[in-house]
Structure formats: structure tokens, C-alpha cells
$ cat entry_22.pdb   # PDB, C-alpha atoms
ATOM      1  CA  MET A  17      22.674  -4.963 -13.604
ATOM      2  CA  LYS A  18      22.240  -4.879 -17.364
ATOM      3  CA  SER A  19      19.466  -6.720 -19.105
ATOM      4  CA  SER A  20      18.368  -7.272 -22.699
ATOM      5  CA  VAL A  21      14.891  -8.260 -23.826
ATOM      6  CA  ILE A  22      14.746  -9.964 -27.220
ATOM      7  CA  VAL A  23      11.789  -8.854 -29.328
ATOM      8  CA  PHE A  24      10.262 -10.964 -32.116
ATOM      9  CA  PRO A  25       7.339 -10.161 -34.376
ATOM     10  CA  GLY A  26       4.433 -11.337 -32.248
ATOM     11  CA  SER A  27       6.096 -10.902 -28.848
ATOM     12  CA  ASN A  28       3.530  -9.263 -26.589
ATOM     13  CA  CYS A  29       4.966  -9.453 -23.072
ATOM     14  CA  ASP A  30       8.199  -7.680 -24.011
ATOM     15  CA  ARG A  31       7.088  -4.309 -22.652
ATOM     16  CA  ASP A  32       5.654  -5.838 -19.479
ATOM     17  CA  ILE A  33       8.974  -7.476 -18.656
ATOM     18  CA  ALA A  34      10.805  -4.235 -19.491
ATOM     19  CA  VAL A  35       8.571  -2.348 -17.017
ATOM     20  CA  ALA A  36       9.245  -4.981 -14.344
ATOM     21  CA  LEU A  37      13.009  -4.892 -14.956
ATOM     22  CA  GLU A  38      13.160  -1.097 -14.901
ATOM     23  CA  LYS A  39      11.075  -1.007 -11.739
ATOM     24  CA  MET A  40      13.812  -3.162 -10.196
ATOM     25  CA  GLN A  41      16.542  -0.769 -11.448
ATOM     26  CA  PHE A  42      17.867  -3.013 -14.208
ATOM     27  CA  LYS A  43      19.412  -1.054 -17.063
ATOM     28  CA  ASN A  44      17.378  -2.602 -19.822
ATOM     29  CA  LYS A  45      17.647  -2.617 -23.617
ATOM     30  CA  MET A  46      15.220  -4.001 -26.161
ATOM     31  CA  VAL A  47      16.913  -6.062 -28.894
ATOM     32  CA  TRP A  48      15.201  -6.751 -32.225
ATOM     33  CA  HIS A  49      15.558 -10.354 -33.428
ATOM     34  CA  LYS A  50      17.374  -9.332 -36.624
ATOM     35  CA  GLU A  51      20.301  -7.882 -34.669
ATOM     36  CA  THR A  52      23.522  -9.859 -34.922
ATOM     37  CA  SER A  53      25.107  -8.642 -31.710
ATOM     38  CA  LEU A  54      23.899  -8.255 -28.159
ATOM     39  CA  PRO A  55      24.518  -5.275 -25.888
ATOM     40  CA  LYS A  56      26.622  -6.224 -22.863
ATOM     41  CA  SER A  57      24.132  -8.043 -20.655
ATOM     42  CA  ASP A  58      24.093  -9.839 -17.322
ATOM     43  CA  LEU A  59      20.594 -11.089 -18.069
ATOM     44  CA  ILE A  60      18.856 -11.891 -21.348
ATOM     45  CA  VAL A  61      15.089 -12.284 -21.333
ATOM     46  CA  ILE A  62      13.126 -14.134 -23.996
ATOM     47  CA  PRO A  63       9.636 -12.749 -23.392
ATOM     48  CA  GLY A  64       6.169 -14.185 -23.740
ATOM     49  CA  GLY A  65       3.871 -13.764 -26.703
ATOM     50  CA  PHE A  66       3.174 -15.464 -29.975
ATOM     51  CA  SER A  67       6.374 -15.059 -31.957
ATOM     52  CA  TYR A  68       5.626 -15.583 -35.656
ATOM     53  CA  GLY A  69       2.019 -16.371 -34.778
ATOM     54  CA  ASP A  70       3.073 -19.773 -33.417
ATOM     55  CA  TYR A  71       3.541 -20.907 -37.041
ATOM     56  CA  LEU A  72       4.901 -24.446 -37.490
ATOM     57  CA  ARG A  73       5.269 -25.014 -33.715
ATOM     58  CA  SER A  74       5.257 -22.393 -30.990
ATOM     59  CA  GLY A  75       8.782 -20.982 -30.741
ATOM     60  CA  ALA A  76      10.114 -22.893 -33.763
ATOM     61  CA  ILE A  77      10.728 -19.953 -36.098
ATOM     62  CA  ALA A  78      11.995 -17.587 -33.397
ATOM     63  CA  GLY A  79      14.358 -20.364 -32.295
ATOM     64  CA  LYS A  80      16.170 -20.027 -35.653
ATOM     65  CA  SER A  81      16.383 -16.221 -35.758
ATOM     66  CA  LEU A  82      19.659 -14.330 -36.175
ATOM     67  CA  ILE A  83      19.978 -13.057 -32.613
ATOM     68  CA  ILE A  84      19.523 -16.566 -31.204
ATOM     69  CA  ASP A  85      23.076 -17.534 -32.210
ATOM     70  CA  GLU A  86      24.292 -14.724 -29.955
ATOM     71  CA  VAL A  87      21.975 -15.821 -27.141
ATOM     72  CA  ILE A  88      23.375 -19.362 -27.393
ATOM     73  CA  LYS A  89      26.934 -18.005 -27.255
ATOM     74  CA  ALA A  90      26.082 -15.821 -24.246
ATOM     75  CA  ALA A  91      24.419 -18.762 -22.507
ATOM     76  CA  SER A  92      27.460 -20.948 -22.940
ATOM     77  CA  SER A  93      29.669 -18.251 -21.442
ATOM     78  CA  GLY A  94      27.457 -18.180 -18.351
ATOM     79  CA  CYS A  95      25.142 -15.221 -19.009
ATOM     80  CA  LEU A  96      21.812 -15.532 -17.188
ATOM     81  CA  ILE A  97      18.873 -16.320 -19.467
ATOM     82  CA  LEU A  98      15.231 -16.101 -18.469
ATOM     83  CA  GLY A  99      12.530 -17.467 -20.778
ATOM     84  CA  ILE A 100       8.912 -16.799 -19.949
ATOM     85  CA  CYS A 101       5.987 -18.562 -21.620
ATOM     86  CA  ASN A 102       6.741 -18.303 -25.370
ATOM     87  CA  GLY A 103      10.318 -17.718 -24.179
ATOM     88  CA  PHE A 104      10.270 -21.213 -22.632
ATOM     89  CA  GLN A 105       8.998 -22.648 -25.919
ATOM     90  CA  ILE A 106      11.710 -20.792 -27.850
ATOM     91  CA  LEU A 107      14.477 -21.976 -25.501
ATOM     92  CA  THR A 108      13.474 -25.618 -26.007
ATOM     93  CA  GLU A 109      13.444 -25.061 -29.791
ATOM     94  CA  THR A 110      16.986 -23.629 -29.671
ATOM     95  CA  GLY A 111      18.205 -26.712 -27.832
ATOM     96  CA  LEU A 112      19.385 -24.666 -24.840
ATOM     97  CA  LEU A 113      16.821 -26.542 -22.780
ATOM     98  CA  ARG A 114      15.685 -30.115 -23.287
ATOM     99  CA  GLY A 115      12.098 -31.271 -23.626
ATOM    100  CA  THR A 116       9.255 -29.493 -25.330
ATOM    101  CA  LEU A 117       5.892 -27.834 -24.668
ATOM    102  CA  LEU A 118       2.898 -29.708 -26.018
ATOM    103  CA  ARG A 119      -0.609 -28.425 -26.437
ATOM    104  CA  ASN A 120      -2.585 -28.114 -23.184
ATOM    105  CA  LYS A 121      -4.240 -31.397 -22.319
ATOM    106  CA  ASN A 122      -7.737 -29.841 -22.413
ATOM    107  CA  LEU A 123      -7.002 -28.206 -25.814
ATOM    108  CA  LYS A 124      -7.925 -24.801 -24.408
ATOM    109  CA  PHE A 125      -5.995 -21.589 -24.085
ATOM    110  CA  ILE A 126      -5.729 -21.076 -20.320
ATOM    111  CA  ASN A 127      -5.483 -17.590 -18.860
ATOM    112  CA  LYS A 128      -5.782 -17.572 -15.090
ATOM    113  CA  ASP A 129      -3.943 -17.081 -11.839
ATOM    114  CA  ILE A 130      -2.657 -20.420 -10.569
ATOM    115  CA  ASN A 131      -0.377 -21.529  -7.753
ATOM    116  CA  ILE A 132       3.155 -22.786  -8.112
ATOM    117  CA  LYS A 133       5.587 -24.114  -5.532
ATOM    118  CA  VAL A 134       9.264 -23.154  -5.373
ATOM    119  CA  LEU A 135      11.377 -26.313  -5.489
ATOM    120  CA  ASN A 136      14.921 -25.018  -5.593
ATOM    121  CA  LYS A 137      15.871 -21.718  -3.977
ATOM    122  CA  ASP A 138      19.621 -22.205  -4.352
ATOM    123  CA  THR A 139      19.937 -20.479  -7.721
ATOM    124  CA  LYS A 140      20.548 -16.989  -9.088
ATOM    125  CA  PHE A 141      16.868 -16.750 -10.013
ATOM    126  CA  THR A 142      15.182 -17.990  -6.858
ATOM    127  CA  ASN A 143      17.387 -17.166  -3.854
ATOM    128  CA  LYS A 144      14.916 -14.645  -2.427
ATOM    129  CA  TYR A 145      12.189 -17.254  -2.206
ATOM    130  CA  ASN A 146      11.951 -20.136   0.251
ATOM    131  CA  ASN A 147      11.745 -23.770  -0.742
ATOM    132  CA  GLU A 148       8.136 -24.984  -0.676
ATOM    133  CA  GLN A 149       6.936 -21.359  -0.881
ATOM    134  CA  ILE A 150       3.641 -21.100  -2.741
ATOM    135  CA  LEU A 151       3.252 -18.283  -5.262
ATOM    136  CA  LYS A 152       0.152 -17.077  -7.039
ATOM    137  CA  ILE A 153       1.106 -16.316 -10.633
ATOM    138  CA  ASN A 154      -0.736 -15.817 -13.902
ATOM    139  CA  ILE A 155      -0.490 -18.282 -16.763
ATOM    140  CA  ALA A 156      -1.680 -17.532 -20.296
ATOM    141  CA  HIS A 157      -0.839 -20.202 -22.829
ATOM    142  CA  ASN A 158      -2.074 -22.815 -25.263
ATOM    143  CA  GLU A 159       1.069 -24.972 -25.266
ATOM    144  CA  GLY A 160       2.308 -25.323 -21.702
ATOM    145  CA  ASN A 161       2.227 -29.060 -21.339
ATOM    146  CA  TYR A 162       5.884 -29.848 -20.630
ATOM    147  CA  PHE A 163       7.137 -33.163 -21.981
ATOM    148  CA  THR A 164      10.538 -34.783 -21.919
ATOM    149  CA  ASP A 165      12.065 -38.260 -22.074
ATOM    150  CA  PRO A 166      12.308 -40.383 -18.878
ATOM    151  CA  LYS A 167      16.111 -40.089 -18.779
ATOM    152  CA  HIS A 168      15.994 -36.304 -18.799
ATOM    153  CA  LEU A 169      13.200 -36.287 -16.215
ATOM    154  CA  GLU A 170      15.472 -38.357 -13.962
ATOM    155  CA  GLU A 171      18.249 -35.812 -14.473
ATOM    156  CA  LEU A 172      15.890 -32.912 -13.705
ATOM    157  CA  LYS A 173      15.041 -34.525 -10.373
ATOM    158  CA  LYS A 174      18.541 -35.705  -9.469
ATOM    159  CA  GLU A 175      20.193 -32.369 -10.201
ATOM    160  CA  ASN A 176      17.398 -30.266  -8.670
ATOM    161  CA  LEU A 177      16.596 -28.646 -12.005
ATOM    162  CA  ILE A 178      12.854 -28.335 -11.491
ATOM    163  CA  ALA A 179      12.305 -24.723 -10.456
ATOM    164  CA  PHE A 180       8.541 -24.660  -9.963
ATOM    165  CA  LYS A 181       5.644 -27.104  -9.942
ATOM    166  CA  TYR A 182       1.935 -26.349 -10.278
ATOM    167  CA  CYS A 183       0.112 -26.864  -6.993
ATOM    168  CA  ASP A 184      -3.123 -25.841  -5.288
ATOM    169  CA  GLU A 185      -3.514 -23.073  -2.701
ATOM    170  CA  THR A 186      -2.319 -25.314   0.091
ATOM    171  CA  GLY A 187       0.597 -26.698  -1.883
ATOM    172  CA  ASN A 188      -0.746 -30.070  -3.040
ATOM    173  CA  ILE A 189       0.903 -31.203  -6.249
ATOM    174  CA  ASN A 190      -1.428 -33.571  -8.079
ATOM    175  CA  GLU A 191      -3.532 -33.984 -11.198
ATOM    176  CA  ASN A 192      -6.197 -31.598  -9.927
ATOM    177  CA  SER A 193      -3.652 -28.826  -9.469
ATOM    178  CA  ASN A 194      -2.126 -29.409 -12.910
ATOM    179  CA  PRO A 195      -3.690 -26.877 -15.306
ATOM    180  CA  ASN A 196      -2.248 -28.125 -18.591
ATOM    181  CA  GLY A 197      -1.230 -31.761 -18.262
ATOM    182  CA  SER A 198       2.446 -30.932 -17.782
ATOM    183  CA  LEU A 199       4.713 -33.847 -16.868
ATOM    184  CA  GLU A 200       4.789 -34.159 -13.052
ATOM    185  CA  ASN A 201       3.205 -30.678 -12.775
ATOM    186  CA  ILE A 202       6.419 -29.035 -14.000
ATOM    187  CA  ALA A 203       5.976 -25.253 -14.465
ATOM    188  CA  GLY A 204       9.610 -24.201 -14.822
ATOM    189  CA  ILE A 205      13.060 -25.760 -15.246
ATOM    190  CA  PHE A 206      16.754 -24.866 -15.129
ATOM    191  CA  ASN A 207      19.519 -26.082 -17.397
ATOM    192  CA  LEU A 208      22.295 -28.160 -15.840
ATOM    193  CA  LYS A 209      24.486 -25.091 -15.132
ATOM    194  CA  LYS A 210      21.463 -23.284 -13.658
ATOM    195  CA  ASN A 211      22.176 -20.097 -15.611
ATOM    196  CA  ILE A 212      18.984 -20.591 -17.638
ATOM    197  CA  LEU A 213      15.498 -20.548 -16.151
ATOM    198  CA  ALA A 214      12.420 -21.082 -18.276
ATOM    199  CA  MET A 215       8.898 -21.015 -16.939
ATOM    200  CA  MET A 216       5.353 -20.919 -18.295
ATOM    201  CA  PRO A 217       3.903 -18.618 -15.552
ATOM    202  CA  HIS A 218       4.421 -14.852 -15.905
ATOM    203  CA  PRO A 219       6.381 -13.357 -12.965
ATOM    204  CA  GLU A 220       6.478  -9.971 -14.747
ATOM    205  CA  ARG A 221       2.700  -9.716 -14.318
ATOM    206  CA  MET A 222       3.040 -10.046 -10.539
ATOM    207  CA  VAL A 223       5.165  -7.075  -9.538
ATOM    208  CA  ASP A 224       2.547  -4.543  -8.491
ATOM    209  CA  LYS A 225      -0.223  -4.786  -5.907
ATOM    210  CA  MET A 226      -2.321  -2.324  -7.897
ATOM    211  CA  ILE A 227      -2.948  -4.805 -10.704
ATOM    212  CA  SER A 228      -2.215  -8.222  -9.168
ATOM    213  CA  ASN A 229       0.199  -9.163  -6.406
ATOM    214  CA  LYS A 230       3.937  -9.035  -5.818
ATOM    215  CA  ASP A 231       4.706 -12.742  -5.933
ATOM    216  CA  GLY A 232       6.921 -12.340  -9.006
ATOM    217  CA  LEU A 233       9.017  -9.552  -7.549
ATOM    218  CA  ASN A 234      11.455 -11.795  -5.693
ATOM    219  CA  LEU A 235      12.541 -13.452  -8.904
ATOM    220  CA  PHE A 236      13.948 -10.118 -10.049
ATOM    221  CA  SER A 237      15.385  -9.214  -6.656
ATOM    222  CA  SER A 238      17.026 -12.660  -6.548
ATOM    223  CA  LEU A 239      18.829 -11.766  -9.776
ATOM    224  CA  LEU A 240      20.090  -8.535  -8.227
ATOM    225  CA  ASN A 241      21.290 -10.319  -5.117
TER
ATOM    226  CA  MET B  11      11.785 -32.431 -57.815
ATOM    227  CA  LYS B  12       8.818 -32.589 -55.455
ATOM    228  CA  PHE B  13       8.463 -34.303 -52.139
ATOM    229  CA  SER B  14       5.782 -34.688 -49.558
ATOM    230  CA  VAL B  15       6.681 -34.737 -45.891
ATOM    231  CA  THR B  16       4.272 -36.155 -43.334
ATOM    232  CA  VAL B  17       4.872 -35.288 -39.706
ATOM    233  CA  THR B  18       3.037 -37.123 -36.928
ATOM    234  CA  LEU B  19       3.355 -37.243 -33.171
ATOM    235  CA  LYS B  20       5.333 -40.218 -31.880
ATOM    236  CA  LYS B  21       3.318 -43.169 -30.646
ATOM    237  CA  ASP B  22       3.885 -42.532 -26.941
ATOM    238  CA  VAL B  23       3.053 -38.804 -27.164
ATOM    239  CA  LEU B  24      -0.521 -37.867 -26.337
ATOM    240  CA  ASP B  25      -2.375 -36.455 -29.357
ATOM    241  CA  PRO B  26      -5.374 -34.633 -27.861
ATOM    242  CA  GLN B  27      -6.466 -33.181 -31.224
ATOM    243  CA  GLY B  28      -6.463 -36.596 -32.871
ATOM    244  CA  LYS B  29      -8.415 -37.950 -29.922
ATOM    245  CA  VAL B  30     -11.112 -35.260 -30.226
ATOM    246  CA  VAL B  31     -11.406 -35.862 -33.984
ATOM    247  CA  GLN B  32     -11.645 -39.602 -33.353
ATOM    248  CA  ASN B  33     -14.344 -39.201 -30.691
ATOM    249  CA  THR B  34     -16.319 -36.854 -32.944
ATOM    250  CA  LEU B  35     -16.222 -39.284 -35.873
ATOM    251  CA  VAL B  36     -17.333 -42.137 -33.600
ATOM    252  CA  ASN B  37     -20.184 -39.951 -32.341
ATOM    253  CA  MET B  38     -21.134 -39.293 -35.981
ATOM    254  CA  GLY B  39     -21.684 -42.996 -36.444
ATOM    255  CA  MET B  40     -18.304 -44.102 -37.815
ATOM    256  CA  ASP B  41     -18.281 -46.900 -35.296
ATOM    257  CA  ASN B  42     -15.740 -49.116 -37.055
ATOM    258  CA  LEU B  43     -13.130 -46.377 -36.666
ATOM    259  CA  LYS B  44     -10.202 -47.800 -34.723
ATOM    260  CA  TYR B  45      -7.484 -45.162 -34.510
ATOM    261  CA  ILE B  46      -6.633 -41.628 -35.644
ATOM    262  CA  ARG B  47      -3.436 -39.641 -35.278
ATOM    263  CA  GLN B  48      -3.420 -36.044 -36.517
ATOM    264  CA  GLY B  49      -0.320 -34.690 -38.230
ATOM    265  CA  LYS B  50       1.125 -32.089 -40.583
ATOM    266  CA  HIS B  51       1.805 -32.260 -44.281
ATOM    267  CA  PHE B  52       4.383 -30.287 -46.296
ATOM    268  CA  GLU B  53       4.821 -30.198 -50.074
ATOM    269  CA  ILE B  54       8.386 -29.302 -50.920
ATOM    270  CA  GLU B  55       9.947 -28.580 -54.308
ATOM    271  CA  VAL B  56      13.730 -28.711 -54.531
ATOM    272  CA  ASP B  57      15.758 -27.345 -57.448
ATOM    273  CA  GLU B  58      17.842 -30.495 -57.879
ATOM    274  CA  ASN B  59      17.892 -33.339 -60.416
ATOM    275  CA  ASP B  60      19.702 -35.932 -58.333
ATOM    276  CA  THR B  61      17.090 -37.810 -56.255
ATOM    277  CA  VAL B  62      19.516 -38.835 -53.515
ATOM    278  CA  LYS B  63      20.853 -35.305 -53.131
ATOM    279  CA  ALA B  64      17.366 -33.809 -53.167
ATOM    280  CA  GLN B  65      16.095 -36.295 -50.618
ATOM    281  CA  LYS B  66      19.075 -35.556 -48.384
ATOM    282  CA  LYS B  67      18.276 -31.848 -48.548
ATOM    283  CA  VAL B  68      14.640 -32.448 -47.579
ATOM    284  CA  ASP B  69      15.798 -34.683 -44.740
ATOM    285  CA  GLU B  70      18.031 -31.859 -43.505
ATOM    286  CA  MET B  71      15.054 -29.458 -43.646
ATOM    287  CA  CYS B  72      13.049 -31.879 -41.531
ATOM    288  CA  LYS B  73      15.760 -32.358 -38.944
ATOM    289  CA  LYS B  74      16.683 -28.668 -38.680
ATOM    290  CA  LEU B  75      13.261 -27.054 -38.640
ATOM    291  CA  LEU B  76      10.171 -28.883 -39.801
ATOM    292  CA  VAL B  77      10.189 -31.649 -37.223
ATOM    293  CA  ASN B  78      10.620 -31.614 -33.464
ATOM    294  CA  LEU B  79      12.429 -34.917 -33.103
ATOM    295  CA  ILE B  80      11.617 -35.193 -29.408
ATOM    296  CA  ILE B  81       7.932 -35.663 -30.072
ATOM    297  CA  GLU B  82       7.473 -36.146 -33.814
ATOM    298  CA  ASP B  83       8.188 -38.749 -36.492
ATOM    299  CA  TYR B  84       8.331 -37.947 -40.213
ATOM    300  CA  ARG B  85       8.154 -39.639 -43.567
ATOM    301  CA  ILE B  86       9.481 -38.294 -46.869
ATOM    302  CA  ASP B  87       7.876 -39.409 -50.164
ATOM    303  CA  LYS B  88       8.791 -38.378 -53.689
ATOM    304  CA  ILE B  89       5.744 -37.109 -55.571
TER
END
$ encode --input "entry_22.pdb" --output "C-alpha cells"
Amino acid sequence: MKSSVIVFPGSNCDRDIAVALEKMQFKNKMVWHKETSLPKSDLIVIPGGFSYGDYLRSGAIAGKSLIIDEVIKAASSGCLILGICNGFQILTETGLLRGTLLRNKNLKFINKDINIKVLNKDTKFTNKYNNEQILKINIAHNEGNYFTDPKHLEELKKENLIAFKYCDETGNINENSNPNGSLENIAGIFNLKKNILAMMPHPERMVDKMISNKDGLNLFSSLLN
Amino acid sequence: MKFSVTVTLKKDVLDPQGKVVQNTLVNMGMDNLKYIRQGKHFEIEVDENDTVKAQKKVDEMCKKLLVNLIIEDYRIDKI
């Protein structure tokens, strides 16, 4: 499977995701944001980081970069797109995903391992997980507070487009297990066609027992399935 | 031609920064303070003599980049 990781000035999880992809035998290429064409890819990853120093709004400037036109074209022809952290913010700024990421409710940058629950396993990204499965995954963000209009929230629920929700160790989804104030504890969403997944937690940081755990590994093996 | 653009969060969007600033000012003794919303301000100069055309251009800038219409409102003023 071929993957491309888009790199912006200020991306800082691009190499981590590349290591995770290569570990899973993806044939990966790094693509600089000024490129105007994409290598043939089954998967495009918009990585985490602080593209353009979060100037204007996080993801706003990267969302208008040259390569993004190609990403939008690829997305509409069904290519799989994964946005992680800043990648989620960028995907909402491009319009590929609806809603936006507001500043964390407590106004603090949060870097810690939290729990999320898998809500929909019937997708290209999540088929190796089980529904209701609880994962321990790292988050590291200042703007992770997902917000969208009530109509879109209804659609997210009706079409099963909520991928993950923040929960506690035993799976309770409530205000106490919501690290950033995100609407209904949403940690990750799909687009309507389910070929785009964007999430604030970092699965690429959870692929090796030596440094963390392997809870993120099944996301990549799902893609290979 | 110069314009100022003021961007603020929509009324129903939580503004935690504004809230903290408000609480701090109240704690400093500004007890008649009723309400604060924090926003962004842009000063924009356009090379154009026609006010309508210039304003339209600034509006396009707002819609395409400067403002996230899901959560923000904006106001354009000629200065």
C-alpha cells in the first residue's frame, strides 16, 4: 500500500507517522506542501504539528497551500485521507470535513495519555478494532475542542460518523472524561463517504511497546486489510 | 484605500479567553463590567480607488481566509 505524508513548515509529527507507516510495510513518500502533484497514493496523511506556527487559526494557512488542491481532488476520487491533530484542524479548514477545533476549554495545552472509545469499526480505518473497545492514546494539543452546528452533529450520529469519543479507563463518556471540552466528547470523525478520518489523538505514537503501547497499531493494520 | 476588519466569535460560541479577561478585570475592581468578547483586528490596505470594489475585495479576503464562518462574525470598516 502506498502512502504520502504532507509536510508543512511547522509539521512535527511527520517523521513519527512515517516511521509508523514504514513499520507496517507501507511504501511511504514525504510530500512538501509546495508540490503541485501527488505521488500515486492509497493513503494521504496530514500529520500533526504546528503548521505555520498556528498563525491566524490553527490549520488555516496550511489549508490554503498548493498541495491541498491535489489532496481535495484525491479525496473526492475516494483516496483514503488520515488527519491527525493539526491534520484534523487543517482538514476542517479545507472544507473536507465540517466543524472546527476551538481552543481547549481550560485554555491549556494538554499533553497526556487519555482513553478513547471506538464507536464505528465498520470502516477502512477501524476494522481491526472492536466497537466499544477502549484505547489508551496520547493527545498533545491546544485546540482540540471540536465544535459543529446541531444539524451536522445530528448527521454525525445518524450516519455513524463519530469514530472515537473520549472516555475514562472503564469507558464512561462524560464531562469528567472530556479533556478539552469537545462537543459530546468527540475525538475523531469521518466524512460522509468514510474515506476521510480525522482525529486529535496520535495513533502513530502508540505503535511500539518500548516507548508507549500498541493501541494505535490496529488503525494502520485496518488500512492494510 | 484602508479598511479595518474586526473578527469576533459568534454569540453562541464559548470564548474562554474573553471570559478569563473579564474575570480578571472584575477581580481588579472593575465591578461594573458587564461583558467582554475577545477578537482579532486586521488593518488592510487595498490598491483600489472604487470603494465598492475595494470593500468587495476585503469581503472576499474575509470569507476565503481571515474568518472561519462556522464560529466567527466579522465587520468591515473603512478607515
$ residues_around --input "entry_22.pdb" --residues "region 60-67 of chain B" --least-positions-apart "6" --cutoff "9 Å" --atoms "only C-alpha atoms" --output "list in words"
Met11, Lys12, Phe13, Ile86, Asp87 and Lys88 of chain B
$ interface_residues --input "entry_22.pdb" --of "chain A" --to "chain B" --cutoff "12 Å" --atoms "all atoms listed in the file" --output "mmCIF file with C-alpha atoms, in the frame of the given file"
data_model
loop_
_atom_site.group_PDB
_atom_site.id
_atom_site.type_symbol
_atom_site.label_atom_id
_atom_site.label_comp_id
_atom_site.auth_asym_id
_atom_site.auth_seq_id
_atom_site.Cartn_x
_atom_site.Cartn_y
_atom_site.Cartn_z
ATOM 1 C CA TYR A 71 3.541 -20.907 -37.041
ATOM 2 C CA LEU A 72 4.901 -24.446 -37.490
ATOM 3 C CA ARG A 73 5.269 -25.014 -33.715
ATOM 4 C CA SER A 74 5.257 -22.393 -30.990
ATOM 5 C CA GLY A 75 8.782 -20.982 -30.741
ATOM 6 C CA ALA A 76 10.114 -22.893 -33.763
ATOM 7 C CA ILE A 77 10.728 -19.953 -36.098
ATOM 8 C CA ALA A 78 11.995 -17.587 -33.397
ATOM 9 C CA GLY A 79 14.358 -20.364 -32.295
ATOM 10 C CA LYS A 80 16.170 -20.027 -35.653
ATOM 11 C CA SER A 81 16.383 -16.221 -35.758
ATOM 12 C CA GLN A 105 8.998 -22.648 -25.919
ATOM 13 C CA THR A 108 13.474 -25.618 -26.007
ATOM 14 C CA GLU A 109 13.444 -25.061 -29.791
ATOM 15 C CA THR A 110 16.986 -23.629 -29.671
ATOM 16 C CA GLY A 111 18.205 -26.712 -27.832
ATOM 17 C CA ARG A 114 15.685 -30.115 -23.287
ATOM 18 C CA GLY A 115 12.098 -31.271 -23.626
ATOM 19 C CA THR A 116 9.255 -29.493 -25.330
ATOM 20 C CA LEU A 117 5.892 -27.834 -24.668
ATOM 21 C CA LEU A 118 2.898 -29.708 -26.018
ATOM 22 C CA ARG A 119 -0.609 -28.425 -26.437
ATOM 23 C CA ASN A 120 -2.585 -28.114 -23.184
ATOM 24 C CA LYS A 121 -4.240 -31.397 -22.319
ATOM 25 C CA ASN A 122 -7.737 -29.841 -22.413
ATOM 26 C CA LEU A 123 -7.002 -28.206 -25.814
ATOM 27 C CA LYS A 124 -7.925 -24.801 -24.408
ATOM 28 C CA GLU A 159 1.069 -24.972 -25.266
ATOM 29 C CA ASN A 161 2.227 -29.060 -21.339
ATOM 30 C CA TYR A 162 5.884 -29.848 -20.630
ATOM 31 C CA PHE A 163 7.137 -33.163 -21.981
ATOM 32 C CA THR A 164 10.538 -34.783 -21.919
ATOM 33 C CA ASP A 165 12.065 -38.260 -22.074
ATOM 34 C CA PRO A 166 12.308 -40.383 -18.878
ATOM 35 C CA HIS A 168 15.994 -36.304 -18.799
ATOM 36 C CA ASN A 196 -2.248 -28.125 -18.591
ATOM 37 C CA GLY A 197 -1.230 -31.761 -18.262
ATOM 38 C CA SER A 198 2.446 -30.932 -17.782
ATOM 39 C CA LEU A 199 4.713 -33.847 -16.868
#
$ axis_aligned_box --input "entry_22.pdb" --around "region 169-174 of chain A" --padding-each-side "4 Å" --output "lines of an AutoDock Vina configuration file"
center_x = 15.9
center_y = -35.6
center_z = -12.8
size_x = 13.3
size_y = 13.4
size_z = 14.7
$ resolve_selection --input "entry_22.pdb" --expression "the PyMOL selection byres ((chain A and resi 228) around 12)" --output "list in words"
Lys128, Asp129, Lys152, Ile153, Asn154, His218, Pro219, Glu220, Arg221, Met222, Val223, Asp224, Lys225, Met226, Ile227, Asn229, Lys230, Asp231, Gly232 and Leu233 of chain A
$ atom_distance --input "entry_22.pdb" --atom1 "CA of Gly64 (chain A)" --atom2 "CA of Cys29 (chain A)"
4.9 Å
$ resolve_selection --input "entry_22.pdb" --expression "the PyMOL selection byres ((chain A and resi 67) around 7)" --output "list of chain:residue names"
A:Phe24, A:Pro25, A:Gly26, A:Ser27, A:Gly65, A:Phe66, A:Tyr68, A:Gly69, A:Asp70, A:Gly75, A:Ala78
$ residues_around --input "entry_22.pdb" --residues "Gly49 (chain B)" --least-positions-apart "6" --cutoff "9 Å" --atoms "only C-alpha atoms" --output "PDB file with C-alpha atoms, in the frame of the given file"
ATOM      1  CA  THR B  16       4.272 -36.155 -43.334  1.00  0.00           C
ATOM      2  CA  VAL B  17       4.872 -35.288 -39.706  1.00  0.00           C
ATOM      3  CA  THR B  18       3.037 -37.123 -36.928  1.00  0.00           C
ATOM      4  CA  LEU B  19       3.355 -37.243 -33.171  1.00  0.00           C
ATOM      5  CA  GLY B  28      -6.463 -36.596 -32.871  1.00  0.00           C
TER       6      GLY B  28
END
$ atom_distance --input "entry_22.pdb" --atom1 "CA of Lys89 (chain A)" --atom2 "CA of Val68 (chain B)"
27.8 Å
$ closest_residue --input "entry_22.pdb" --among "A:Cys101, A:Ile205, A:Ala179, A:Ala36" --to "Asn158 (chain A)" --atoms "all atoms listed in the file"
A:Cys101
$ residues_near_point --input "entry_22.pdb" --point "(18.2, -6.5, -23.2)" --cutoff "12 Å" --atoms "only C-alpha atoms" --output "JSON, numbers by chain"
{"A": [17, 18, 19, 20, 21, 22, 23, 30, 31, 33, 34, 37, 38, 42, 43, 44, 45, 46, 47, 48, 49, 51, 53, 54, 55, 56, 57, 58, 59, 60, 61, 62, 63, 83, 87, 95, 96, 97, 98]}
$ atom_distance --input "entry_22.pdb" --atom1 "CA of Asn146 (chain A)" --atom2 "CA of Pro195 (chain A)"
23.1 Å
$ resolve_selection --input "entry_22.pdb" --expression "the PyMOL selection byres ((chain B and resi 52) around 7)" --output "number ranges by chain"
B: 14-16, 50-51, 53-54
$ write_last_selection --input "entry_22.pdb" --atoms "C-alpha atoms" --output "compact mmCIF listing (two decimals), in the coordinates of the input"
# COMPACT_ATOMS: atom_id res chain seq x y z
CA SER B 14 5.78 -34.69 -49.56
CA VAL B 15 6.68 -34.74 -45.89
CA THR B 16 4.27 -36.16 -43.33
CA LYS B 50 1.12 -32.09 -40.58
CA HIS B 51 1.80 -32.26 -44.28
CA GLU B 53 4.82 -30.20 -50.07
CA ILE B 54 8.39 -29.30 -50.92
$ residues_near_point --input "entry_22.pdb" --point "(-5.9, -18.3, -18.2)" --cutoff "6 Å" --atoms "only C-alpha atoms" --output "list in words"
Ile126, Asn127, Lys128, Ile155 and Ala156 of chain A
